[in-house]
Each structure stands twice: as C-alpha cells, then as structure tokens.
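J.: Take this structure, written in structure tokens, and hold onto it; I'll ask about it next.
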Amino acid sequence: MTSADDSGTADPVGSTESVVDTSSGLSDRATTRSDTIVEAKGVDVFYGEDQALQDISMEIPEKQVTAMIGPSGCGKSTFLRCINRMNDQIDVCRVDGEIEFRGKNIYDDDVDPVVLRRRIGMVFQQPNPFPKSIYDNVAYGLKIQGKTEDMDQKVENALKGAALWDEVKDKLHTSGLDLSGGQQQRLCIARAIAVDPQVILMDEPASALDPIATAQIEDLIEELSRDFTVVIVTHNMQQAARISDKTAVFLTGGELVEFDDTNRIFENPQSQRVEDYITGKFG
Amino acid sequence: MSTETDQGPGITSGTGAKADQKANRRARRVLFGCAAITVLTTLSIFFVLIDNAASYFFGARITEVLVGGSFEQTITFTEFFTGTRWAPDHSTPAHGILPIAFGTIAITVGAAFVSIPIGTATALYLSEYSSKSVRSKLKPTLEVLAGIPTIVYGYFAISFINPVMLGPIAESLFGISIGRYSMLSGMIVVGIMTIPMVSSISEDAMQAVPDDLRNGAYALGATKFDVSLNVVIPAAVSGIFASYILAVSRAIGETMAVTLAAGFNANITANPFSEIMTMTAYMVSMARGTSAVGTVEYQSLFAVGLVLFLMTLVMNLMNDWFKRRFQEEYR
C-alpha cells in the first residue's frame, strides 16, 4: 500500500529523471572506495514456518548511507532488524546465515546483543521518545552504558548533532512528548547518536512526518553519514535517491534483487524487475 | 422506508423509527435504574452507619431526634479516638478505638510488606521476563489464589502458618510459645491473599506500556532489567500504584481470614507473636449474636464500621489524586 502509492502515482519517466538529477550530486561519494562495516552472508529469516528473507548477501560500506527499498512485506525492515538483533525480541523469529560486524559474526554464541546494540543504534518509524524530559531522553543511553562523565556536554553535542539544539536548549527539562513529531524524531536520533554508535539503523524514519520535517530528517541523515554509517529502510524511492550512496532493492518474497551505487540503480538497473519497480510499473 | 422510496430514505422518523426511539429510551431507563441501585446502596449504608454511630456517641439516633428525641453525649470523641482500652461489652466498659485501630493498621502495613514486593515482582516477571508457556501456567494459578474463599485462608493461617511456620521460629529464636493466634500470622495471610490483586492489576498496567518504548530502550543497549526498571515501571506507575491502593483497601476491610489468624484480644503490642484484634475482628465477634440490638456494644459496631468506611474512602481519594497527578506526566 505504501510503496505502491508513492511510485505508482508519479509519471514513470518524469520520476526517473528527477531521481537521477537529485542523486547525481552524490555519485562522486558513492564511487569512492570504502571499507565494509557490516556484511551479510546468505541470511535466511523465518517467522515460524514462513520465510521472510531468502539468502541475502550484501556488504554495507562504512560512513555512507545505504538505503533499502522495496514494496511492503518484502523483508527490508526484517533485514534491518537483523543487523542489531532486534529480531531476538520476537519469539518465533529464526535467523540463519551470518551477519558480520567488523568481521565478527553477530549471531555467534559469544556475542551479547546488548553490547552489539550499543555499537549499532536504531531509529524507528514512529518517534518513540520516553515519557521523560528532553535531557533525560538523550542521557538515558549514556546512563545505562555508564558513560556519565561530562553528561551535559554529551547531551548538548548529541542534540546539536541531531539539529535540535537551537529549538530545545531553553527547555531541556520539559517532557520530550511535548515536542512536535519531527522534533520527537530528531530527539530519537539525538538519543541514538549520544552513545556514539558506529552504525545507525533507520526504519522509515520520516514516514510518519510531514514534508518539512521529512526534509529536515533527510538533511540530517546526510550530515550524519560523515561520522556514522547509516542504513535506512524507506518505501519512498525519491528519498532513497536523494540521500543514499548505495541502494538495495528488495522485492516480494524476501529477495535482494539488486544492490549497487544509488545512481546506477536508478539510472541503469540491471534487472527488468528492478526497473519495473522503480519506474512504478509494479510495486 | 418503503413509503419514501421515490426520494430515497428520508431523515424524518417514520413509524418504525418512533418505536425504535421508544425502545431506546426504555433501555436507557433500565440501565440507569441499575446504575442508580449502586449509588443508593452506598448512600444508604453511609446513612445507616452515621445514624447508628450517632446513637453510640450521643445516645439517640438521628431518626429518633427528628421525631422528638434529644442528643446527650455519652461517649466523648476524645475517649473514642485517644483511649487505649477497647471493651464496650465489659462490665467496666472502655471505648478507646486505638487498640483495634492499631490491629487493623498493623495487619495492613504488614500485609503490604508481603503483597507489594512479591506482587510487583510477579507482575514484572509475567509481563517482561516469562516465556509464553510459563505465563500460561502462572496466570491461572494466580487467579485461583484470588478465588479462594477468605475463610479458607483463615484456616490455612490457623492450621499451618501459625503453628507450623511461626511456632517453631518463635520458640527457638525468641523463646516465646505462640498461641492459637498471632499478629504476624495475620499479616502473612492477608499479604498472600492480596498478592494476586497487586500482580494482576500491575501486570495489566505494564502490558499497556507500548512496545515502541521498550524497543527504543533495547536499541540503546538496555538490558531487560534496565527496561523494566527505567521504562516499564515509570510508564506504568499510576496503574501499579492503583493496585497497591486496592490491595491496601482490601487488607483494611479483610475480615474472616484476619479474625481467624490474628485473634480477638485487643491490645497494642510490638510483639508479632501475640494475639491482637482488628476492627473487623471486633465486628465479627460482636455480631455473633450475644449483644442485644440497641445496647452500647451493639451501636459500637456502627461507630467502628464508620471509621473503617472512612479509612477506605481516604485510600480511594489518594488513588484518584495520584492518578490525576501522574497521568498528566505520562500520557
């Protein structure tokens, strides 16, 4: 429902052109060589009897923005949640294959998912600030990780990093829930970057926001990719084209059909299925 | 409808709609009547308590005064609220409520020390830690615990908790030989009785905390314990507190179990192995039929009942206040 609407309503040719225009500025960065930080090797995911992902292999480059697009139910969010083992929370979910984070398989028995998630942060679709003050929201991760020295400075830096500082610096001790949706989402981003992770996973972070708030988040994501590796799931192809260096296209059935530099995916997709999807012929 | 087909269904009420409206009004009246019964009952109980308590303090009921009787204070409030001996039915009567108020408060506080920690921990375990299969066994067990008649708990106290659990401890550690009844046995049995109340209401409140919040914390590298303590409990605090208030109110009003466990000897003591009497236990012992209607000891039942009523009312008001205060903070 979501992805089909976005692409299907636009004129296929027109949308492709605009996509190329906006992404061309990023192509230089995309083609520079970069080290792999997360590598999936033959990942299968099952929910009970149902297979959600089939044999996914991909290398996610460090300090770049990698987008994952595809129609609803294609497994892109599932894959994202495998990278920080959030799927562990779901009883019936089973993950086969390997996902390496800096060369270490995160599904090895000696990996503690709690520690893993301190390296790989996450921002969710719905802004989910805690019912605490703005300050305490950002400080929460620092507190549970025992990084309590220079707390004020770290909170300020995180809020600046999330482009929220100027809006909230005079009301740090009011509830995070009093902020607007876009501000709440940037608060959640501040909360994630406060603990200085290496990778930030974003699960459709702008889909619940209005266009202006969405643009702010998109700008922010480009900023963040200087210091962090960003992996973003989106059903909005224009968004993927605008902000990402690499794009992975998942299609129905849980397959990774194509994974390449973003401008190549949108300009010159290798498979007919991907071309049909990004030009809006199906989805 | 069929008469209006030429222009489609109209919005004026036809004959069928009129009958519908009538049925609607009738249903509304019946439902209101049922709701009114509860209000009327509460008001009548309150009135009966006050009426008879007036007779206890002033020698005449309000209803008697209305038809020409007169008030003449026989028991002063000072004696009632500060006297330390309670024996309205004694040959030298005394009317100080403190000993039995002490009994009730001691049992309530002691029970809270049992039910609140165990109940909260159980709720947290069920809501955050337990697997589905454990949960599916534990929850019904707790519900069974909640459904056991209180008299059965009373016999459990008198035949097991007091003689088997507490007796040897009192004997060997303190050199006290325990009687048939003890304050501690009452605290424990009322505490156990109210565990399901704390655990099930607290668990509902914890379950109502959105998973988004939990996931947000897990994604920051929080452990289950962090999430429970810093996310789930603060977000569920008003529901958890409500469960405490309900459990405490229940402990204040608990009658059968506490009477059988703690006994009938009104006294203020720090010795947990000694027999005491709660306000409810006094009412049970008075209501067994030895006191004639209209006597002072009979009227004292209503004065004690009124105090009990006011105590639980205060608990309810506290609950309302807390709810309002914290729902504002955690929408």
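In the structure tokens, chains take the letters A, B, ... in the order shown, each chain's residues start at 1, and ligands count up from 1 in the order shown.
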Tell me as a PyMOL selection string which residues belonging to chain B come within 12 Å of chain A, counting only C-alpha atoms.

T.: chain B and resi 128-133+209-227+229-237+326-331

J.: From a DSSP pass on the backbone, collect the residues of region 157-257 of chain B flagged as alpha helix (DSSP H) and hand them back as an NGL selection string.

T.: :B and (167-174 or 183-207 or 211-218 or 224-226 or 233-235 or 237-253 or 256-257)

J.: For the selection just defined, write its residues with C-alpha atoms to a file, as a CSV table (one decimal), in the first residue's frame.

T.:
chain,number,residue,atom,x,y,z
B,167,GLY,CA,5.5,-21.5,66.1
B,168,PRO,CA,9.0,-23.1,65.9
B,169,ILE,CA,10.6,-19.8,65.0
B,170,ALA,CA,9.0,-18.0,68.0
B,171,GLU,CA,10.0,-20.9,70.2
B,172,SER,CA,13.6,-21.5,69.1
B,173,LEU,CA,14.7,-17.9,68.3
B,174,PHE,CA,12.8,-15.9,70.9
B,183,MET,CA,-0.4,-10.7,64.6
B,184,LEU,CA,2.4,-12.0,62.2
B,185,SER,CA,0.2,-14.8,61.0
B,186,GLY,CA,-2.5,-12.3,60.1
B,187,MET,CA,0.0,-10.1,58.3
B,188,ILE,CA,1.3,-13.0,56.3
B,189,VAL,CA,-2.1,-14.5,55.3
B,190,VAL,CA,-3.6,-11.2,54.3
B,191,GLY,CA,-0.4,-10.4,52.4
B,192,ILE,CA,-0.7,-13.7,50.5
B,193,MET,CA,-4.4,-13.0,49.8
B,194,THR,CA,-3.7,-9.7,48.2
B,195,ILE,CA,-0.7,-10.7,46.1
B,196,PRO,CA,-3.0,-11.6,43.1
B,197,MET,CA,-4.6,-8.2,43.3
B,198,VAL,CA,-1.2,-6.4,43.1
B,199,SER,CA,0.2,-8.7,40.5
B,200,SER,CA,-2.7,-8.8,38.1
B,201,ILE,CA,-3.5,-5.1,38.0
B,202,SER,CA,0.1,-4.2,37.9
B,203,GLU,CA,0.7,-6.6,35.1
B,204,ASP,CA,-2.2,-5.1,33.1
B,205,ALA,CA,-0.6,-1.7,33.5
B,206,MET,CA,2.8,-3.0,32.4
B,207,GLN,CA,1.4,-4.8,29.4
B,211,ASP,CA,6.4,-1.9,22.8
B,212,ASP,CA,7.8,1.2,21.0
B,213,LEU,CA,9.1,2.4,24.3
B,214,ARG,CA,10.7,-0.9,25.1
B,215,ASN,CA,12.3,-1.2,21.7
B,216,GLY,CA,13.6,2.3,21.9
B,217,ALA,CA,15.4,1.3,25.1
B,218,TYR,CA,16.6,-2.1,23.8
B,224,LYS,CA,15.9,-6.4,30.3
B,225,PHE,CA,16.4,-5.1,33.8
B,226,ASP,CA,17.1,-1.6,32.7
B,233,ILE,CA,7.7,0.8,35.7
B,234,PRO,CA,7.8,4.6,35.3
B,235,ALA,CA,5.3,4.4,32.4
B,237,VAL,CA,3.3,3.8,37.7
B,238,SER,CA,-0.2,5.0,38.0
B,239,GLY,CA,-1.7,1.5,37.4
B,240,ILE,CA,0.9,0.0,39.7
B,241,PHE,CA,0.0,2.4,42.4
B,242,ALA,CA,-3.7,1.8,41.9
B,243,SER,CA,-3.0,-1.9,42.5
B,244,TYR,CA,-1.3,-1.1,45.8
B,245,ILE,CA,-4.2,1.0,46.9
B,246,LEU,CA,-6.7,-1.7,46.1
B,247,ALA,CA,-4.6,-4.2,47.9
B,248,VAL,CA,-4.3,-2.0,51.0
B,249,SER,CA,-8.0,-1.2,51.0
B,250,ARG,CA,-8.7,-4.9,50.8
B,251,ALA,CA,-6.4,-5.5,53.7
B,252,ILE,CA,-8.1,-2.9,55.8
B,253,GLY,CA,-11.5,-4.4,55.2
B,256,MET,CA,-12.6,-13.7,58.0
B,257,ALA,CA,-9.0,-14.6,57.4

J.: Residues at most 10 Å from region 47-53 of chain A, counting only C-alpha atoms, excluding those fewer than 3 positions away in the same chain, as a list in words?

T.: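 The contact residues come out as Gly42, Val43, Asp44, Ile56, Gly73, Cys74, Gly75, Lys76, Thr78, Phe79, Asn87, Ile90, Asp91, Val92, Cys93, Arg94, Val95, Asp96, Phe250, Thr252, Gly253, Gly254, Glu255 and Leu256 of chain A.
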
J.: Restricting the output to N, CA and C atoms, write the selected residues as an mmCIF file, in the first residue's frame.

T.:
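As written to disk, selection.cif reads:
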data_model
loop_
_atom_site.group_PDB
_atom_site.id
_atom_site.type_symbol
_atom_site.label_atom_id
_atom_site.label_comp_id
_atom_site.auth_asym_id
_atom_site.auth_seq_id
_atom_site.Cartn_x
_atom_site.Cartn_y
_atom_site.Cartn_z
ATOM 1 N N GLY A 42 24.503 -14.878 3.109
ATOM 2 C CA GLY A 42 23.487 -15.930 2.996
ATOM 3 C C GLY A 42 22.485 -15.940 4.133
ATOM 4 N N VAL A 43 21.864 -14.782 4.397
ATOM 5 C CA VAL A 43 20.938 -14.694 5.532
ATOM 6 C C VAL A 43 19.530 -15.136 5.125
ATOM 7 N N ASP A 44 19.018 -16.128 5.854
ATOM 8 C CA ASP A 44 17.619 -16.534 5.723
ATOM 9 C C ASP A 44 16.929 -16.195 7.026
ATOM 10 N N ILE A 56 20.157 -13.596 1.713
ATOM 11 C CA ILE A 56 20.589 -12.223 1.499
ATOM 12 C C ILE A 56 22.090 -12.106 1.736
ATOM 13 N N GLY A 73 6.248 -5.610 2.837
ATOM 14 C CA GLY A 73 6.281 -7.050 3.029
ATOM 15 C C GLY A 73 7.441 -7.726 2.319
ATOM 16 N N CYS A 74 8.382 -6.942 1.777
ATOM 17 C CA CYS A 74 9.493 -7.566 1.054
ATOM 18 C C CYS A 74 10.614 -7.975 1.997
ATOM 19 N N GLY A 75 10.512 -7.613 3.259
ATOM 20 C CA GLY A 75 11.515 -8.061 4.227
ATOM 21 C C GLY A 75 12.612 -7.067 4.511
ATOM 22 N N LYS A 76 12.494 -5.851 3.980
ATOM 23 C CA LYS A 76 13.585 -4.890 4.179
ATOM 24 C C LYS A 76 13.722 -4.486 5.643
ATOM 25 N N THR A 78 12.713 -6.305 8.167
ATOM 26 C CA THR A 78 13.182 -7.506 8.851
ATOM 27 C C THR A 78 14.702 -7.594 8.789
ATOM 28 N N PHE A 79 15.237 -7.332 7.590
ATOM 29 C CA PHE A 79 16.694 -7.405 7.442
ATOM 30 C C PHE A 79 17.374 -6.361 8.324
ATOM 31 N N ASN A 87 15.429 -8.570 16.222
ATOM 32 C CA ASN A 87 14.514 -9.693 15.998
ATOM 33 C C ASN A 87 14.569 -10.719 17.121
ATOM 34 N N ILE A 90 11.461 -11.206 19.105
ATOM 35 C CA ILE A 90 10.303 -11.938 18.587
ATOM 36 C C ILE A 90 10.559 -13.435 18.741
ATOM 37 N N ASP A 91 9.700 -14.097 19.515
ATOM 38 C CA ASP A 91 9.924 -15.496 19.863
ATOM 39 C C ASP A 91 10.068 -16.400 18.633
ATOM 40 N N VAL A 92 9.187 -16.188 17.640
ATOM 41 C CA VAL A 92 9.110 -17.155 16.542
ATOM 42 C C VAL A 92 10.119 -16.863 15.437
ATOM 43 N N CYS A 93 10.915 -15.812 15.598
ATOM 44 C CA CYS A 93 11.824 -15.415 14.524
ATOM 45 C C CYS A 93 13.135 -16.213 14.600
ATOM 46 N N ARG A 94 13.573 -16.757 13.440
ATOM 47 C CA ARG A 94 14.814 -17.525 13.401
ATOM 48 C C ARG A 94 15.693 -16.973 12.284
ATOM 49 N N VAL A 95 16.948 -16.744 12.567
ATOM 50 C CA VAL A 95 17.865 -16.191 11.570
ATOM 51 C C VAL A 95 18.952 -17.224 11.279
ATOM 52 N N ASP A 96 19.106 -17.607 9.997
ATOM 53 C CA ASP A 96 20.215 -18.470 9.569
ATOM 54 C C ASP A 96 21.198 -17.634 8.751
ATOM 55 N N PHE A 250 14.847 -4.719 -2.483
ATOM 56 C CA PHE A 250 14.238 -5.985 -2.072
ATOM 57 C C PHE A 250 12.908 -6.104 -2.794
ATOM 58 N N THR A 252 9.229 -8.621 -3.475
ATOM 59 C CA THR A 252 8.320 -9.535 -2.793
ATOM 60 C C THR A 252 8.887 -10.958 -2.763
ATOM 61 N N GLY A 253 8.770 -11.585 -1.615
ATOM 62 C CA GLY A 253 9.332 -12.914 -1.452
ATOM 63 C C GLY A 253 10.611 -12.883 -0.642
ATOM 64 N N GLY A 254 11.062 -11.697 -0.299
ATOM 65 C CA GLY A 254 12.227 -11.599 0.562
ATOM 66 C C GLY A 254 13.552 -11.795 -0.152
ATOM 67 N N GLU A 255 13.591 -11.392 -1.427
ATOM 68 C CA GLU A 255 14.856 -11.499 -2.158
ATOM 69 C C GLU A 255 15.513 -10.131 -2.236
ATOM 70 N N LEU A 256 16.836 -10.150 -2.200
ATOM 71 C CA LEU A 256 17.584 -8.939 -2.537
ATOM 72 C C LEU A 256 17.884 -9.034 -4.034
#

J.: What's around region 214-227 of chain A at 8 Å? Count only C-alpha atoms, leave out sequence neighbours fewer than 2 positions away in its own chain, and write the answer as a PyMOL selection string.

T.: chain A and resi 63-65+161-163+182+186+205-207+209-212+229-230+239+243

J.: From the list B:Asn316, B:Thr255, B:Ser285, B:Ser300, which residue is nearest Gly59 (chain B) when using only C-alpha atoms?

T.: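 Nearest to Gly59 (chain B): B:Ser300.
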
J.: One number please: CA of Thr259 (chain B) to CA of Thr278 (chain B), in Å, one decimal.

T.: 7.4 Å

J.: Pick the closest to Thr247 (chain A) from A:Ala213, A:Ile134, A:Met68, A:Gln183: which is it, counting only C-alpha atoms?

T.: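 Checking each of A:Ala213, A:Ile134, A:Met68, A:Gln183 against Thr247 (chain A), counting only C-alpha atoms, the winner is A:Met68.
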
J.: Within 12 Å of Arg61 (chain B), counting only C-alpha atoms, which residues qualify if same-chain residues fewer than 5 places away don't, as a ChimeraX atom specification?

T.: /B:47-56,66-73,294,299,302

J.: Kindly export the residues of the current selection with all heavy atoms, as a compact mmCIF listing (two decimals), in the first residue's frame.

T.:
# COMPACT_ATOMS: atom_id res chain seq x y z
N PHE B 47 -25.65 6.23 55.44
CA PHE B 47 -26.64 6.81 56.35
C PHE B 47 -26.85 5.92 57.57
O PHE B 47 -26.89 6.40 58.71
CB PHE B 47 -27.97 7.03 55.62
CG PHE B 47 -29.03 7.57 56.52
CD1 PHE B 47 -29.01 8.91 56.92
CD2 PHE B 47 -30.04 6.74 57.03
CE1 PHE B 47 -29.96 9.41 57.78
CE2 PHE B 47 -30.99 7.24 57.90
CZ PHE B 47 -30.96 8.58 58.26
N VAL B 48 -26.99 4.62 57.37
CA VAL B 48 -27.20 3.70 58.49
C VAL B 48 -26.02 3.77 59.46
O VAL B 48 -26.21 3.80 60.69
CB VAL B 48 -27.41 2.26 57.98
CG1 VAL B 48 -27.35 1.26 59.13
CG2 VAL B 48 -28.73 2.15 57.24
N LEU B 49 -24.81 3.84 58.90
CA LEU B 49 -23.61 3.94 59.75
C LEU B 49 -23.66 5.20 60.60
O LEU B 49 -23.47 5.17 61.82
CB LEU B 49 -22.34 3.94 58.89
CG LEU B 49 -21.92 2.62 58.29
CD1 LEU B 49 -20.71 2.80 57.39
CD2 LEU B 49 -21.58 1.61 59.39
N ILE B 50 -23.95 6.32 59.96
CA ILE B 50 -23.97 7.59 60.68
C ILE B 50 -25.08 7.61 61.72
O ILE B 50 -24.90 8.03 62.87
CB ILE B 50 -24.17 8.75 59.68
CG1 ILE B 50 -22.96 8.83 58.77
CG2 ILE B 50 -24.41 10.06 60.43
CD1 ILE B 50 -22.50 10.21 58.44
N ASP B 51 -26.23 7.12 61.31
CA ASP B 51 -27.41 7.13 62.19
C ASP B 51 -27.13 6.37 63.47
O ASP B 51 -27.35 6.86 64.59
CB ASP B 51 -28.58 6.50 61.42
CG ASP B 51 -29.91 6.81 62.07
OD1 ASP B 51 -30.03 7.92 62.65
OD2 ASP B 51 -30.80 5.96 62.02
N ASN B 52 -26.58 5.16 63.32
CA ASN B 52 -26.32 4.33 64.49
C ASN B 52 -25.10 4.79 65.27
O ASN B 52 -25.06 4.66 66.50
CB ASN B 52 -26.14 2.87 64.07
CG ASN B 52 -27.48 2.23 63.74
OD1 ASN B 52 -28.25 1.88 64.63
ND2 ASN B 52 -27.78 2.13 62.45
N ALA B 53 -24.12 5.34 64.53
CA ALA B 53 -22.95 5.86 65.23
C ALA B 53 -23.35 7.04 66.10
O ALA B 53 -22.84 7.23 67.21
CB ALA B 53 -21.87 6.26 64.22
N ALA B 54 -24.31 7.83 65.62
CA ALA B 54 -24.82 8.95 66.42
C ALA B 54 -25.41 8.44 67.71
O ALA B 54 -25.20 9.01 68.79
CB ALA B 54 -25.85 9.73 65.62
N SER B 55 -26.11 7.34 67.61
CA SER B 55 -26.71 6.75 68.81
C SER B 55 -25.64 6.28 69.78
O SER B 55 -25.78 6.40 71.00
CB SER B 55 -27.61 5.59 68.37
OG SER B 55 -27.94 4.81 69.47
N TYR B 56 -24.52 5.79 69.22
CA TYR B 56 -23.42 5.32 70.06
C TYR B 56 -22.79 6.48 70.82
O TYR B 56 -22.58 6.42 72.03
CB TYR B 56 -22.38 4.63 69.17
CG TYR B 56 -21.09 4.26 69.84
CD1 TYR B 56 -21.02 3.23 70.78
CD2 TYR B 56 -19.91 4.92 69.51
CE1 TYR B 56 -19.83 2.88 71.37
CE2 TYR B 56 -18.71 4.57 70.09
CZ TYR B 56 -18.67 3.55 71.02
OH TYR B 56 -17.48 3.20 71.60
N LEU B 66 -35.25 13.35 65.15
CA LEU B 66 -36.18 14.01 64.23
C LEU B 66 -37.61 13.91 64.72
O LEU B 66 -38.44 14.77 64.45
CB LEU B 66 -36.06 13.40 62.82
CG LEU B 66 -34.78 13.78 62.06
CD1 LEU B 66 -34.74 13.07 60.72
CD2 LEU B 66 -34.68 15.28 61.86
N VAL B 67 -37.93 12.83 65.48
CA VAL B 67 -39.30 12.71 65.98
C VAL B 67 -39.38 13.09 67.45
O VAL B 67 -40.27 12.66 68.18
CB VAL B 67 -39.85 11.28 65.77
CG1 VAL B 67 -39.99 11.00 64.28
CG2 VAL B 67 -38.98 10.24 66.45
N GLY B 68 -38.46 13.88 67.96
CA GLY B 68 -38.60 14.46 69.28
C GLY B 68 -37.61 14.02 70.32
O GLY B 68 -37.62 14.54 71.44
N GLY B 69 -36.73 13.07 70.00
CA GLY B 69 -35.70 12.68 70.96
C GLY B 69 -34.66 13.76 71.08
O GLY B 69 -34.73 14.79 70.42
N SER B 70 -33.68 13.54 71.98
CA SER B 70 -32.65 14.57 72.08
C SER B 70 -31.28 13.91 72.23
O SER B 70 -31.15 12.79 72.71
CB SER B 70 -32.92 15.48 73.28
OG SER B 70 -32.81 14.70 74.46
N PHE B 71 -30.25 14.62 71.77
CA PHE B 71 -28.88 14.13 71.88
C PHE B 71 -28.33 14.40 73.27
O PHE B 71 -28.57 15.45 73.86
CB PHE B 71 -27.99 14.86 70.87
CG PHE B 71 -28.18 14.36 69.47
CD1 PHE B 71 -28.14 15.25 68.40
CD2 PHE B 71 -28.36 13.00 69.21
CE1 PHE B 71 -28.27 14.80 67.10
CE2 PHE B 71 -28.50 12.56 67.90
CZ PHE B 71 -28.45 13.45 66.85
N GLU B 72 -27.59 13.44 73.78
CA GLU B 72 -26.88 13.68 75.02
C GLU B 72 -25.61 12.86 74.94
O GLU B 72 -25.66 11.62 74.92
CB GLU B 72 -27.73 13.20 76.21
CG GLU B 72 -27.13 13.55 77.55
CD GLU B 72 -27.88 12.86 78.68
OE1 GLU B 72 -29.06 12.49 78.49
OE2 GLU B 72 -27.26 12.67 79.74
N GLN B 73 -24.48 13.56 74.80
CA GLN B 73 -23.24 12.83 74.52
C GLN B 73 -22.87 11.93 75.68
O GLN B 73 -22.74 12.35 76.81
CB GLN B 73 -22.11 13.82 74.23
CG GLN B 73 -20.88 13.10 73.69
CD GLN B 73 -20.04 13.99 72.81
OE1 GLN B 73 -20.09 15.20 72.90
NE2 GLN B 73 -19.28 13.39 71.92
N GLY B 294 -29.53 -2.23 70.13
CA GLY B 294 -29.80 -1.03 70.91
C GLY B 294 -28.85 -0.82 72.05
O GLY B 294 -28.75 0.29 72.57
N GLN B 299 -24.30 -0.69 69.24
CA GLN B 299 -24.12 0.54 68.48
C GLN B 299 -22.65 0.80 68.15
O GLN B 299 -22.33 1.42 67.14
CB GLN B 299 -24.66 1.75 69.27
CG GLN B 299 -26.14 1.65 69.61
CD GLN B 299 -27.04 1.68 68.39
OE1 GLN B 299 -26.58 1.71 67.27
NE2 GLN B 299 -28.34 1.64 68.61
N PHE B 302 -21.35 0.14 64.72
CA PHE B 302 -21.54 1.09 63.64
C PHE B 302 -20.49 2.20 63.69
O PHE B 302 -20.07 2.69 62.66
CB PHE B 302 -22.96 1.66 63.69
CG PHE B 302 -23.98 0.60 63.41
CD1 PHE B 302 -24.54 -0.15 64.44
CD2 PHE B 302 -24.36 0.31 62.10
CE1 PHE B 302 -25.45 -1.14 64.18
CE2 PHE B 302 -25.28 -0.68 61.84
CZ PHE B 302 -25.83 -1.41 62.88

J.: Restricting the calculation to only C-alpha atoms, which member of B:Ala27, B:Ala123, B:Ala270, B:Ala94 is positioned closest to Arg135 (chain B)?

T.: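 The closest residue to Arg135 (chain B) is B:Ala123.
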